[in-house]
>>> print(open('coords34.txt').read())   # compact mmCIF, C-alpha atoms and all ligand atoms
# COMPACT_ATOMS: atom_id res chain seq x y z
CA MET A 1 26.75 22.40 -14.73
CA ASN A 2 26.55 21.98 -18.49
CA GLU A 3 27.92 18.48 -18.38
CA PHE A 4 25.53 17.65 -15.53
CA THR A 5 22.38 18.93 -17.25
CA SER A 6 23.23 17.44 -20.64
CA GLU A 7 23.90 14.05 -19.02
CA LEU A 8 20.51 14.15 -17.26
CA SER A 9 18.76 15.26 -20.45
CA LYS A 10 20.27 12.27 -22.20
CA ARG A 11 19.01 9.94 -19.47
CA LEU A 12 15.53 11.45 -19.72
CA ASP A 13 15.52 10.98 -23.50
CA ASP A 14 16.29 7.35 -22.87
CA ILE A 15 13.28 7.07 -20.55
CA ARG A 16 11.04 8.77 -23.14
CA ARG A 17 12.19 6.42 -25.89
CA GLN A 18 10.94 3.48 -23.80
CA ASP A 19 7.54 5.13 -23.24
CA LEU A 20 8.43 5.31 -19.54
CA TYR A 21 8.56 9.07 -19.07
CA ARG A 22 6.53 10.34 -16.12
CA GLU A 23 5.29 13.79 -15.27
CA LEU A 24 3.19 15.42 -12.61
CA ARG A 25 -0.33 16.52 -13.31
CA ARG A 26 -1.56 19.45 -11.27
CA VAL A 27 -4.78 18.72 -9.39
CA GLY A 28 -6.77 21.83 -8.63
CA SER A 29 -9.48 20.30 -6.46
CA ALA A 30 -9.93 18.19 -3.36
CA GLN A 31 -9.58 14.42 -3.66
CA SER A 32 -12.93 12.84 -4.45
CA SER A 33 -14.63 10.92 -7.23
CA HIS A 34 -14.47 14.13 -9.28
CA ILE A 35 -11.15 15.90 -9.64
CA GLN A 36 -9.78 18.67 -11.77
CA ILE A 37 -6.50 17.85 -13.47
CA ASP A 38 -4.68 20.60 -15.38
CA GLY A 39 -7.97 22.47 -15.44
CA GLN A 40 -10.00 19.57 -16.88
CA PRO A 41 -12.80 18.08 -14.73
CA LEU A 42 -12.46 14.29 -14.64
CA LEU A 43 -14.20 11.35 -13.08
CA ASN A 44 -11.54 9.87 -10.84
CA PHE A 45 -10.83 6.12 -10.90
CA SER A 46 -7.21 6.37 -9.82
CA SER A 47 -7.29 6.98 -6.10
CA ASN A 48 -6.65 4.70 -3.12
CA ASP A 49 -9.17 6.72 -1.13
CA TYR A 50 -11.34 3.59 -1.10
CA LEU A 51 -13.91 4.75 1.42
CA GLY A 52 -14.12 8.35 0.25
CA LEU A 53 -12.69 9.72 3.51
CA ALA A 54 -9.90 11.94 2.12
CA ASN A 55 -12.25 14.92 1.87
CA HIS A 56 -14.65 13.94 4.68
CA PRO A 57 -15.87 16.82 6.90
CA LEU A 58 -14.99 14.99 10.14
CA LEU A 59 -11.39 14.35 9.06
CA LYS A 60 -11.00 17.94 7.94
CA GLU A 61 -12.43 19.21 11.19
CA ALA A 62 -10.09 17.00 13.22
CA ALA A 63 -7.10 18.27 11.23
CA ILE A 64 -8.11 21.91 11.67
CA LYS A 65 -8.66 21.48 15.41
CA ALA A 66 -5.25 19.85 15.79
CA VAL A 67 -3.56 22.72 13.97
CA GLU A 68 -5.38 25.28 16.10
CA ARG A 69 -4.37 23.57 19.32
CA PHE A 70 -0.90 22.22 18.43
CA GLY A 71 0.24 24.45 15.59
CA SER A 72 1.39 23.61 12.09
CA GLY A 73 4.84 22.23 12.78
CA THR A 74 6.03 19.60 15.23
CA GLY A 75 9.39 21.09 16.15
CA ALA A 76 11.52 17.96 16.26
CA SER A 77 11.51 14.20 16.07
CA ARG A 78 9.22 12.29 18.43
CA LEU A 79 12.16 11.40 20.71
CA ILE A 80 13.32 15.00 21.05
CA CYS A 81 10.19 17.07 21.72
CA GLY A 82 7.80 16.28 18.87
CA SER A 83 5.80 13.48 20.52
CA LEU A 84 2.65 15.53 20.64
CA ALA A 85 -0.58 14.26 22.15
CA PRO A 86 -2.31 13.60 18.76
CA HIS A 87 0.37 11.00 17.89
CA HIS A 88 -0.31 9.17 21.15
CA GLU A 89 -4.06 9.37 20.59
CA LEU A 90 -3.65 8.03 17.06
CA GLU A 91 -1.53 5.12 18.28
CA ARG A 92 -4.04 4.24 20.98
CA ALA A 93 -6.80 4.29 18.33
CA LEU A 94 -4.72 2.15 15.94
CA ALA A 95 -3.94 -0.50 18.56
CA SER A 96 -7.58 -0.65 19.60
CA PHE A 97 -8.78 -0.84 15.96
CA LYS A 98 -6.29 -3.58 15.05
CA ASN A 99 -6.75 -5.31 18.40
CA THR A 100 -3.02 -5.37 19.13
CA GLU A 101 -1.14 -4.46 22.30
CA ALA A 102 0.43 -1.38 20.77
CA ALA A 103 1.02 0.66 17.63
CA LEU A 104 3.56 3.13 16.27
CA SER A 105 2.90 5.75 13.61
CA PHE A 106 5.43 6.88 11.01
CA SER A 107 5.52 9.74 8.54
CA SER A 108 4.56 7.35 5.72
CA GLY A 109 3.97 3.70 4.99
CA TYR A 110 7.25 3.74 3.11
CA ALA A 111 9.07 4.98 6.21
CA ALA A 112 7.28 2.37 8.34
CA ALA A 113 8.48 -0.46 6.10
CA VAL A 114 12.06 0.76 5.81
CA GLY A 115 12.41 1.57 9.51
CA THR A 116 10.85 -1.67 10.71
CA ILE A 117 12.55 -4.11 8.35
CA CYS A 118 15.99 -2.56 8.86
CA ALA A 119 15.49 -2.57 12.64
CA LEU A 120 14.51 -6.25 12.72
CA SER A 121 16.96 -7.73 10.21
CA GLY A 122 20.66 -7.28 9.66
CA LYS A 123 23.46 -8.83 7.67
CA ASP A 124 23.33 -12.16 9.51
CA ASP A 125 19.62 -12.59 8.78
CA ILE A 126 17.45 -13.69 5.89
CA ILE A 127 14.54 -11.78 4.38
CA VAL A 128 12.10 -13.61 2.13
CA ILE A 129 9.67 -11.60 0.03
CA ASP A 130 6.92 -12.19 -2.51
CA LYS A 131 8.00 -11.23 -6.02
CA LEU A 132 5.29 -8.55 -6.20
CA VAL A 133 5.77 -6.74 -2.90
CA HIS A 134 5.82 -2.95 -2.92
CA ALA A 135 9.03 -1.04 -3.65
CA CYS A 136 9.30 0.08 -0.01
CA VAL A 137 9.75 -3.54 1.12
CA VAL A 138 12.28 -4.29 -1.61
CA ASP A 139 14.27 -1.15 -0.76
CA ALA A 140 14.13 -1.95 2.96
CA ALA A 141 15.29 -5.51 2.42
CA ARG A 142 18.26 -4.32 0.34
CA LEU A 143 19.16 -1.58 2.79
CA SER A 144 19.06 -3.98 5.74
CA GLY A 145 22.00 -5.94 4.35
CA ALA A 146 20.22 -9.22 5.05
CA LYS A 147 20.39 -12.09 2.58
CA LEU A 148 17.40 -11.53 0.29
CA ARG A 149 15.37 -14.34 -1.26
CA VAL A 150 12.35 -13.83 -3.51
CA TYR A 151 9.57 -16.36 -4.10
CA ALA A 152 7.24 -16.34 -7.11
CA HIS A 153 4.02 -14.48 -6.47
CA ASN A 154 1.93 -16.29 -3.82
CA ASP A 155 3.93 -19.49 -4.49
CA LEU A 156 3.81 -21.40 -1.19
CA ASN A 157 5.93 -24.28 -2.49
CA GLU A 158 8.80 -22.01 -3.43
CA LEU A 159 8.48 -20.19 -0.11
CA GLU A 160 8.68 -23.51 1.73
CA ASP A 161 11.82 -24.47 -0.21
CA ILE A 162 13.43 -21.19 0.81
CA LEU A 163 12.39 -21.56 4.46
CA ARG A 164 13.81 -25.09 4.50
CA TRP A 165 17.08 -23.81 3.05
CA ALA A 166 17.14 -20.95 5.59
CA ASN A 167 16.90 -23.41 8.46
CA THR A 168 19.92 -25.40 7.23
CA ARG A 169 22.23 -22.43 7.61
CA ALA A 170 24.94 -22.96 10.18
CA ILE A 171 24.16 -21.60 13.62
CA SER A 172 27.22 -20.67 15.61
CA PRO A 173 26.82 -21.35 19.31
CA GLU A 174 27.80 -17.86 20.48
CA GLN A 175 25.47 -16.12 18.01
CA SER A 176 21.75 -16.02 18.09
CA ARG A 177 20.52 -18.00 15.10
CA PRO A 178 20.00 -16.17 11.82
CA ARG A 179 16.44 -14.85 11.85
CA THR A 180 14.21 -15.27 8.86
CA LEU A 181 11.66 -12.57 8.15
CA VAL A 182 8.94 -13.23 5.57
CA VAL A 183 7.27 -10.13 4.13
CA THR A 184 4.13 -10.04 2.02
CA GLU A 185 1.29 -7.71 1.18
CA SER A 186 -2.19 -8.92 2.02
CA VAL A 187 -3.74 -7.24 -1.03
CA PHE A 188 -1.22 -6.65 -3.80
CA SER A 189 -1.12 -3.05 -4.92
CA MET A 190 -0.92 -3.48 -8.69
CA ASP A 191 -2.71 -6.80 -9.21
CA GLY A 192 -5.39 -6.49 -6.54
CA ASP A 193 -5.16 -10.15 -5.58
CA VAL A 194 -4.96 -11.49 -2.04
CA ALA A 195 -2.18 -13.43 -0.30
CA PRO A 196 -3.07 -16.79 1.32
CA LEU A 197 -2.36 -15.52 4.83
CA GLY A 198 -3.61 -18.65 6.59
CA GLU A 199 -1.13 -20.84 4.72
CA LEU A 200 1.66 -18.29 5.07
CA VAL A 201 1.17 -18.28 8.84
CA GLN A 202 1.29 -22.10 8.94
CA LEU A 203 4.53 -22.11 6.98
CA LYS A 204 6.30 -19.45 9.00
CA GLU A 205 5.29 -21.26 12.22
CA LYS A 206 6.52 -24.59 10.88
CA TYR A 207 9.94 -23.11 10.10
CA GLY A 208 10.21 -20.66 12.99
CA ALA A 209 10.27 -17.55 10.78
CA TRP A 210 8.71 -14.15 11.51
CA LEU A 211 5.95 -12.73 9.33
CA MET A 212 5.33 -9.10 8.39
CA VAL A 213 2.14 -8.28 6.50
CA ASP A 214 1.59 -5.00 4.67
CA GLU A 215 -2.16 -4.26 4.74
CA ALA A 216 -1.92 -0.99 2.78
CA HIS A 217 -4.80 -1.93 0.46
CA ALA A 218 -6.82 -4.00 2.94
CA THR A 219 -7.13 -1.91 6.09
CA GLY A 220 -10.66 -0.56 6.29
CA LEU A 221 -11.96 -3.03 3.68
CA PHE A 222 -11.63 -6.64 4.87
CA GLY A 223 -12.95 -8.52 7.88
CA LYS A 224 -15.99 -8.07 10.10
CA TYR A 225 -14.31 -5.15 11.89
CA ARG A 226 -12.60 -3.98 8.68
CA ARG A 227 -9.14 -4.45 10.22
CA GLY A 228 -7.79 -6.20 7.14
CA VAL A 229 -7.15 -9.62 5.62
CA ALA A 230 -5.36 -10.78 8.79
CA GLU A 231 -8.63 -10.38 10.67
CA GLU A 232 -10.68 -11.93 7.88
CA SER A 233 -8.35 -14.95 7.76
CA ASN A 234 -8.41 -15.23 11.54
CA VAL A 235 -4.63 -15.11 11.88
CA ALA A 236 -4.00 -11.57 13.15
CA GLY A 237 -2.76 -12.89 16.52
CA GLN A 238 -0.09 -15.00 14.83
CA ILE A 239 1.44 -12.28 12.67
CA GLU A 240 4.49 -10.71 14.29
CA ILE A 241 4.31 -7.38 12.45
CA GLN A 242 1.20 -5.81 10.91
CA MET A 243 1.92 -2.66 8.94
CA GLY A 244 0.08 -0.33 6.64
CA THR A 245 -0.55 3.21 5.54
CA LEU A 246 -2.87 5.92 6.81
CA GLY A 247 -2.99 7.43 3.33
CA LYS A 248 -5.38 5.05 1.59
CA ALA A 249 -8.74 3.94 3.02
CA VAL A 250 -8.00 5.82 6.27
CA GLY A 251 -8.11 9.05 4.27
CA ALA A 252 -5.14 10.91 5.77
CA ALA A 253 -1.35 10.39 5.52
CA GLY A 254 1.28 8.45 7.44
CA GLY A 255 2.19 4.84 8.12
CA TYR A 256 1.85 2.48 11.05
CA VAL A 257 3.06 -0.72 12.62
CA CYS A 258 0.82 -2.69 15.01
CA GLY A 259 1.89 -5.59 17.21
CA PRO A 260 3.09 -6.54 20.69
CA LYS A 261 4.30 -3.75 22.97
CA VAL A 262 7.89 -5.04 22.89
CA LEU A 263 7.90 -4.65 19.11
CA ILE A 264 6.81 -1.02 19.43
CA ASP A 265 9.33 -0.30 22.21
CA PHE A 266 12.03 -1.90 20.07
CA LEU A 267 11.10 0.22 17.03
CA ILE A 268 11.14 3.42 19.10
CA ASN A 269 14.73 2.47 19.95
CA ARG A 270 15.88 1.10 16.61
CA ALA A 271 13.76 2.25 13.64
CA ARG A 272 15.91 4.92 12.03
CA THR A 273 13.12 6.40 9.89
CA PHE A 274 11.24 7.01 13.13
CA ILE A 275 14.17 8.24 15.24
CA PHE A 276 15.88 10.55 12.77
CA SER A 277 12.88 12.29 11.24
CA THR A 278 10.72 15.19 12.37
CA ALA A 279 7.38 14.06 13.76
CA PRO A 280 4.53 14.13 11.22
CA VAL A 281 2.25 17.16 11.43
CA THR A 282 -0.53 16.73 13.99
CA ALA A 283 -3.11 17.58 11.30
CA ALA A 284 -2.27 14.25 9.64
CA ALA A 285 -2.34 12.31 12.92
CA ALA A 286 -5.68 13.78 13.98
CA ALA A 287 -7.24 13.21 10.56
CA ALA A 288 -6.00 9.61 10.57
CA GLN A 289 -7.50 9.03 14.00
CA ALA A 290 -10.84 10.41 12.80
CA GLY A 291 -10.60 8.14 9.74
CA ILE A 292 -10.03 5.10 11.93
CA GLU A 293 -12.97 6.02 14.09
CA ILE A 294 -15.26 6.39 11.07
CA ILE A 295 -14.11 3.03 9.68
CA GLN A 296 -15.27 1.40 12.93
CA SER A 297 -18.62 3.21 12.98
CA THR A 298 -21.90 2.28 11.27
CA GLU A 299 -21.02 4.87 8.63
CA GLY A 300 -17.76 3.03 7.99
CA HIS A 301 -19.69 -0.22 7.74
CA SER A 302 -22.08 1.15 5.15
CA ARG A 303 -19.28 2.84 3.16
CA CYS A 304 -17.47 -0.48 3.08
CA ASP A 305 -20.64 -2.28 1.91
CA LYS A 306 -21.11 0.31 -0.82
CA LEU A 307 -17.50 -0.16 -1.97
CA TRP A 308 -17.95 -3.94 -2.25
CA SER A 309 -21.19 -3.53 -4.16
CA ASN A 310 -19.41 -1.11 -6.55
CA ILE A 311 -16.62 -3.66 -7.01
CA GLY A 312 -19.13 -6.43 -7.72
CA LYS A 313 -20.96 -4.33 -10.28
CA VAL A 314 -17.86 -3.24 -12.20
CA LYS A 315 -16.49 -6.78 -12.32
CA ASP A 316 -19.81 -8.18 -13.49
CA ASP A 317 -20.25 -5.55 -16.16
CA LEU A 318 -16.68 -5.90 -17.42
CA GLY A 319 -17.15 -9.65 -17.64
CA LYS A 320 -20.39 -9.21 -19.59
CA ALA A 321 -18.55 -6.88 -21.98
CA GLY A 322 -16.10 -9.72 -22.66
CA TRP A 323 -13.11 -8.41 -20.72
CA PRO A 324 -11.05 -11.35 -19.34
CA LEU A 325 -11.60 -11.14 -15.62
CA VAL A 326 -8.95 -10.77 -12.99
CA ALA A 327 -9.06 -13.28 -10.18
CA GLY A 328 -8.44 -10.80 -7.37
CA ARG A 329 -11.07 -9.59 -4.95
CA SER A 330 -10.26 -6.06 -3.92
CA ALA A 331 -10.89 -2.47 -4.93
CA ILE A 332 -7.99 -2.68 -7.41
CA ILE A 333 -8.91 -3.90 -10.88
CA PRO A 334 -5.90 -4.17 -13.18
CA LEU A 335 -6.78 -4.02 -16.88
CA ILE A 336 -3.60 -5.45 -18.35
CA LEU A 337 -2.83 -4.19 -21.85
CA GLY A 338 0.80 -5.34 -22.04
CA ASP A 339 2.54 -2.86 -24.27
CA GLU A 340 3.59 0.40 -22.56
CA ALA A 341 2.54 2.61 -25.47
CA ARG A 342 -0.82 0.87 -25.70
CA ALA A 343 -1.55 1.46 -22.02
CA MET A 344 -0.53 5.12 -22.35
CA GLY A 345 -2.79 5.46 -25.40
CA ALA A 346 -5.75 3.93 -23.59
CA ALA A 347 -5.27 6.20 -20.56
CA LYS A 348 -5.12 9.22 -22.86
CA ALA A 349 -8.26 8.18 -24.72
CA MET A 350 -10.07 7.75 -21.40
CA ARG A 351 -8.93 11.19 -20.27
CA GLU A 352 -10.26 12.72 -23.44
CA GLN A 353 -13.61 11.19 -22.54
CA GLY A 354 -13.45 12.75 -19.06
CA ILE A 355 -12.28 9.71 -17.10
CA PHE A 356 -9.03 9.42 -15.23
CA ILE A 357 -7.49 5.95 -14.91
CA PRO A 358 -3.71 5.97 -14.74
CA ALA A 359 -1.51 3.77 -16.91
CA VAL A 360 0.95 1.89 -14.73
CA ARG A 361 4.24 0.89 -16.32
CA PHE A 362 7.69 -0.42 -15.55
CA PRO A 363 9.27 -0.17 -13.01
CA THR A 364 6.03 -0.16 -10.99
CA VAL A 365 5.04 -3.38 -12.80
CA ALA A 366 7.12 -5.73 -14.97
CA ARG A 367 8.01 -4.70 -18.52
CA GLY A 368 5.33 -5.71 -20.98
CA GLU A 369 2.68 -5.86 -18.25
CA ALA A 370 1.57 -2.25 -18.54
CA ARG A 371 -1.99 -1.71 -17.45
CA LEU A 372 -4.75 0.64 -16.56
CA ARG A 373 -5.00 0.43 -12.80
CA LEU A 374 -8.65 1.00 -12.06
CA THR A 375 -9.53 1.64 -8.43
CA LEU A 376 -13.00 1.96 -7.02
CA SER A 377 -14.32 3.95 -4.10
CA ALA A 378 -17.43 3.93 -1.95
CA ALA A 379 -17.90 7.48 -3.22
CA HIS A 380 -18.61 6.38 -6.81
CA THR A 381 -22.29 6.49 -7.74
CA GLU A 382 -24.05 4.02 -9.97
CA VAL A 383 -24.34 6.65 -12.72
CA GLU A 384 -20.58 7.24 -12.55
CA LEU A 385 -19.89 3.51 -12.75
CA ASN A 386 -22.13 3.24 -15.81
CA THR A 387 -20.24 6.10 -17.47
CA LEU A 388 -16.97 4.36 -16.64
CA LEU A 389 -18.09 1.05 -18.13
CA ARG A 390 -19.53 2.54 -21.28
CA THR A 391 -16.36 4.52 -21.99
CA LEU A 392 -13.97 1.80 -20.92
CA THR A 393 -15.46 -0.97 -23.01
CA GLY A 394 -15.47 1.38 -26.03
CA ILE A 395 -11.77 2.04 -25.59
CA ILE A 396 -10.03 -1.04 -24.25
CA CYS A 397 -12.12 -3.59 -26.08
CA ASN A 398 -11.11 -1.78 -29.32
CA ALA A 399 -7.60 -0.75 -28.30
C1 LIG A 401 1.09 2.84 -0.73
C2 LIG A 401 1.82 1.66 -0.22
C3 LIG A 401 2.84 1.78 0.73
C4 LIG A 401 3.41 3.10 1.14
O1 LIG A 401 2.57 3.82 1.96
P1 LIG A 401 2.70 5.40 1.95
O2 LIG A 401 1.99 5.81 3.17
O3 LIG A 401 2.06 5.86 0.69
O4 LIG A 401 4.16 5.72 1.97
C5 LIG A 401 3.38 0.64 1.26
N1 LIG A 401 2.98 -0.57 0.85
C6 LIG A 401 2.03 -0.72 -0.10
C7 LIG A 401 1.62 -2.08 -0.50
C8 LIG A 401 1.44 0.39 -0.67
O5 LIG A 401 0.53 0.24 -1.63
>>> encode(input="coords34.txt", output="structure tokens")
Amino acid sequence: MNEFTSELSKRLDDIRRQDLYRELRRVGSAQSSHIQIDGQPLLNFSSNDYLGLANHPLLKEAAIKAVERFGSGTGASRLICGSLAPHHELERALASFKNTEAALSFSSGYAAAVGTICALSGKDDIIVIDKLVHACVVDAARLSGAKLRVYAHNDLNELEDILRWANTRAISPEQSRPRTLVVTESVFSMDGDVAPLGELVQLKEKYGAWLMVDEAHATGLFGKYRRGVAEESNVAGQIEIQMGTLGKAVGAAGGYVCGPKVLIDFLINRARTFIFSTAPVTAAAAAAQAGIEIIQSTEGHSRCDKLWSNIGKVKDDLGKAGWPLVAGRSAIIPLILGDEARAMGAAKAMREQGIFIPAVRFPTVARGEARLRLTLSAAHTEVELNTLLRTLTGIICNA
């Protein structure tokens, strides 16, 4: 034991020396634009609860009703005896919302990515990812054993080079050809910029590859029906696999994959994170379904409008204060400070002024690209945004 604990202490010291040490902060309140962290009330600009649904009365009511009717636990995996009615209801709602033939829910977005990518690709295949995709996609691609190729962020030329190379690989007559799977996010989680989905679809069609799009930060926010960037770009029907999380704008927890029914049937048979894991609690499934229903309602529409007007205001005001503007258009506004210690200092100074914006560091982003990751919600009021801007410009413009 002694050798074990002293070795781990040494490793932690190493992390601290690089200003990369992380610790949990205890939140003593519900998720909303105001939270209490370690006893201190703070204005919250850190959450992915973009539409303010995480503490919505209808989601809470749905969760409570599900627990009363179906209990707290789920007993087993979905394929054993845990495939409770709320999961089926959620999947019907997801498919209808995303306008796909079918949907499958997972315990998290992470599990959805790992299960799906590893089910679809194996050691004879090729996976091509954007340099900035989420850790769950990188981990999945490695775990799958497929040949992994990475293209520079949103770089269509480099992607085309890789796809051309992939198609030159020898195809043995008795084997099905190596499959190429391209994976991107639609809105990138740390930079808040948007992938050129229209062009990506053209490329994958030209080279016969499959495309998987992670809409974690776009579902509920983009497109006339708020389905995501795939809808907005008018290419949803050409994307083989649409995935995302139920834990961000949807206001609950879990992950999903939407697509043709054969994809869903295949995942039920082959996605190991689905097969070998206890079914998510029905409270989460029922809350997610309620979240999806609100997103599609007039209330969802007006929450979404409010979010975009908040985004517009913060970007405008930051620009007027002389902050170099980020190109992205999403609820994620990265304020890149570079140095890890500088980002940590700025986050601390903001906290002391009653505002919570987390510093994001390596390995979540590249070394030397540490930032405050500011996220906005429909729940933020104009007064709160003004407080944010006043405090922020005082701190980062002088940091
Ligand atoms: C949050 C996130 C996930 C993981 O979803 P969880 O439900 O939190 O596990 C996957 N991809 C992206 C881009 C994310 O931001």
>>> residues_around(input="coords34.txt", residues="Val235 of chain A", least_positions_apart="2", cutoff="12 Å", atoms="only C-alpha atoms", output="mmCIF file with C-alpha atoms, keeping the file's coordinate frame")
data_model
loop_
_atom_site.group_PDB
_atom_site.id
_atom_site.type_symbol
_atom_site.label_atom_id
_atom_site.label_comp_id
_atom_site.auth_asym_id
_atom_site.auth_seq_id
_atom_site.Cartn_x
_atom_site.Cartn_y
_atom_site.Cartn_z
ATOM 1 C CA ASN A 99 -6.750 -5.310 18.400
ATOM 2 C CA SER A 186 -2.190 -8.920 2.020
ATOM 3 C CA PRO A 196 -3.070 -16.790 1.320
ATOM 4 C CA LEU A 197 -2.360 -15.520 4.830
ATOM 5 C CA GLY A 198 -3.610 -18.650 6.590
ATOM 6 C CA GLU A 199 -1.130 -20.840 4.720
ATOM 7 C CA LEU A 200 1.660 -18.290 5.070
ATOM 8 C CA VAL A 201 1.170 -18.280 8.840
ATOM 9 C CA GLN A 202 1.290 -22.100 8.940
ATOM 10 C CA GLU A 205 5.290 -21.260 12.220
ATOM 11 C CA LEU A 211 5.950 -12.730 9.330
ATOM 12 C CA VAL A 213 2.140 -8.280 6.500
ATOM 13 C CA GLY A 223 -12.950 -8.520 7.880
ATOM 14 C CA ARG A 227 -9.140 -4.450 10.220
ATOM 15 C CA GLY A 228 -7.790 -6.200 7.140
ATOM 16 C CA VAL A 229 -7.150 -9.620 5.620
ATOM 17 C CA ALA A 230 -5.360 -10.780 8.790
ATOM 18 C CA GLU A 231 -8.630 -10.380 10.670
ATOM 19 C CA GLU A 232 -10.680 -11.930 7.880
ATOM 20 C CA SER A 233 -8.350 -14.950 7.760
ATOM 21 C CA GLY A 237 -2.760 -12.890 16.520
ATOM 22 C CA GLN A 238 -0.090 -15.000 14.830
ATOM 23 C CA ILE A 239 1.440 -12.280 12.670
ATOM 24 C CA GLU A 240 4.490 -10.710 14.290
ATOM 25 C CA ILE A 241 4.310 -7.380 12.450
ATOM 26 C CA GLN A 242 1.200 -5.810 10.910
#
>>> residues_near_ligand(input="coords34.txt", ligand="ligand LIG 401 (chain A)", cutoff="8 Å", atoms="all atoms listed in the file", output="mmCIF file with C-alpha atoms, keeping the file's coordinate frame")
data_model
loop_
_atom_site.group_PDB
_atom_site.id
_atom_site.type_symbol
_atom_site.label_atom_id
_atom_site.label_comp_id
_atom_site.auth_asym_id
_atom_site.auth_seq_id
_atom_site.Cartn_x
_atom_site.Cartn_y
_atom_site.Cartn_z
ATOM 1 C CA SER A 107 5.520 9.740 8.540
ATOM 2 C CA SER A 108 4.560 7.350 5.720
ATOM 3 C CA GLY A 109 3.970 3.700 4.990
ATOM 4 C CA TYR A 110 7.250 3.740 3.110
ATOM 5 C CA ALA A 111 9.070 4.980 6.210
ATOM 6 C CA ALA A 112 7.280 2.370 8.340
ATOM 7 C CA ALA A 113 8.480 -0.460 6.100
ATOM 8 C CA VAL A 133 5.770 -6.740 -2.900
ATOM 9 C CA HIS A 134 5.820 -2.950 -2.920
ATOM 10 C CA ALA A 135 9.030 -1.040 -3.650
ATOM 11 C CA CYS A 136 9.300 0.080 -0.010
ATOM 12 C CA VAL A 137 9.750 -3.540 1.120
ATOM 13 C CA GLU A 185 1.290 -7.710 1.180
ATOM 14 C CA VAL A 187 -3.740 -7.240 -1.030
ATOM 15 C CA PHE A 188 -1.220 -6.650 -3.800
ATOM 16 C CA SER A 189 -1.120 -3.050 -4.920
ATOM 17 C CA ASP A 214 1.590 -5.000 4.670
ATOM 18 C CA GLU A 215 -2.160 -4.260 4.740
ATOM 19 C CA ALA A 216 -1.920 -0.990 2.780
ATOM 20 C CA HIS A 217 -4.800 -1.930 0.460
ATOM 21 C CA GLY A 244 0.080 -0.330 6.640
ATOM 22 C CA THR A 245 -0.550 3.210 5.540
ATOM 23 C CA LEU A 246 -2.870 5.920 6.810
ATOM 24 C CA GLY A 247 -2.990 7.430 3.330
ATOM 25 C CA LYS A 248 -5.380 5.050 1.590
ATOM 26 C CA ALA A 253 -1.350 10.390 5.520
ATOM 27 C CA GLY A 254 1.280 8.450 7.440
ATOM 28 C CA GLY A 255 2.190 4.840 8.120
#
>>> closest_atom_pairs(input="coords34.txt", of="segment 319-344 of chain A", to="segment 13-28 of chain A", cutoff="12 Å", atoms="all atoms listed in the file", output="tab-separated table")
residue	atom	partner	partner_atom	distance
A:Asp339	CA	A:Asp19	CA	9.5
A:Glu340	CA	A:Asp19	CA	6.2
A:Ala341	CA	A:Asp19	CA	6.0
A:Arg342	CA	A:Asp19	CA	9.7
A:Ala343	CA	A:Asp19	CA	9.9
A:Met344	CA	A:Asp19	CA	8.1
>>> residues_around(input="coords34.txt", residues="segment 316-333 of chain A", least_positions_apart="4", cutoff="10 Å", atoms="all atoms listed in the file", output="ChimeraX atom specification")
/A:45-48,50,187-195,217-218,221-222,307-308,310-312,371-378,385-386,389-390,392-394,396-397
>>> closest_atom_pairs(input="coords34.txt", of="segment 180-280 of chain A", to="segment 140-152 of chain A", cutoff="10 Å", atoms="only C-alpha atoms", output="tab-separated table")
residue	atom	partner	partner_atom	distance
A:Thr180	CA	A:Ala146	CA	9.3
A:Leu181	CA	A:Ala146	CA	9.7
A:Val182	CA	A:Arg149	CA	9.4
A:Val183	CA	A:Ala141	CA	9.4
>>> atom_distance(input="coords34.txt", atom1="atom CA of Trp165 of chain A", atom2="atom CA of Thr116 of chain A")
24.2 Å
>>> closest_residue(input="coords34.txt", among="A:Val250, A:Glu382, A:His153, A:Glu7", to="Ala287 of chain A", atoms="all atoms listed in the file")
A:Val250
>>> atom_distance(input="coords34.txt", atom1="atom CA of Arg169 of chain A", atom2="atom CA of Leu156 of chain A")
20.4 Å
>>> atom_distance(input="coords34.txt", atom1="atom CA of Thr278 of chain A", atom2="atom CA of Ala76 of chain A")
4.8 Å
>>> closest_residue(input="coords34.txt", among="A:Lys313, A:Arg303, A:Lys224, A:Arg179", to="Asp124 of chain A", atoms="only C-alpha atoms")
A:Arg179
>>> closest_residue(input="coords34.txt", among="A:Gly368, A:Pro334, A:Gly354, A:Gly300", to="Leu51 of chain A", atoms="all atoms listed in the file")
A:Gly300
>>> closest_residue(input="coords34.txt", among="A:Cys81, A:Ala279, A:Cys118, A:Leu203", to="Arg164 of chain A", atoms="all atoms listed in the file")
A:Leu203
>>> closest_residue(input="coords34.txt", among="A:Trp210, A:Ile292, A:Ala93, A:Ser72", to="Pro280 of chain A", atoms="only C-alpha atoms")
A:Ser72
>>> closest_residue(input="coords34.txt", among="A:Phe276, A:Tyr207, A:Tyr256, A:Phe266", to="Arg78 of chain A", atoms="only C-alpha atoms")
A:Phe276
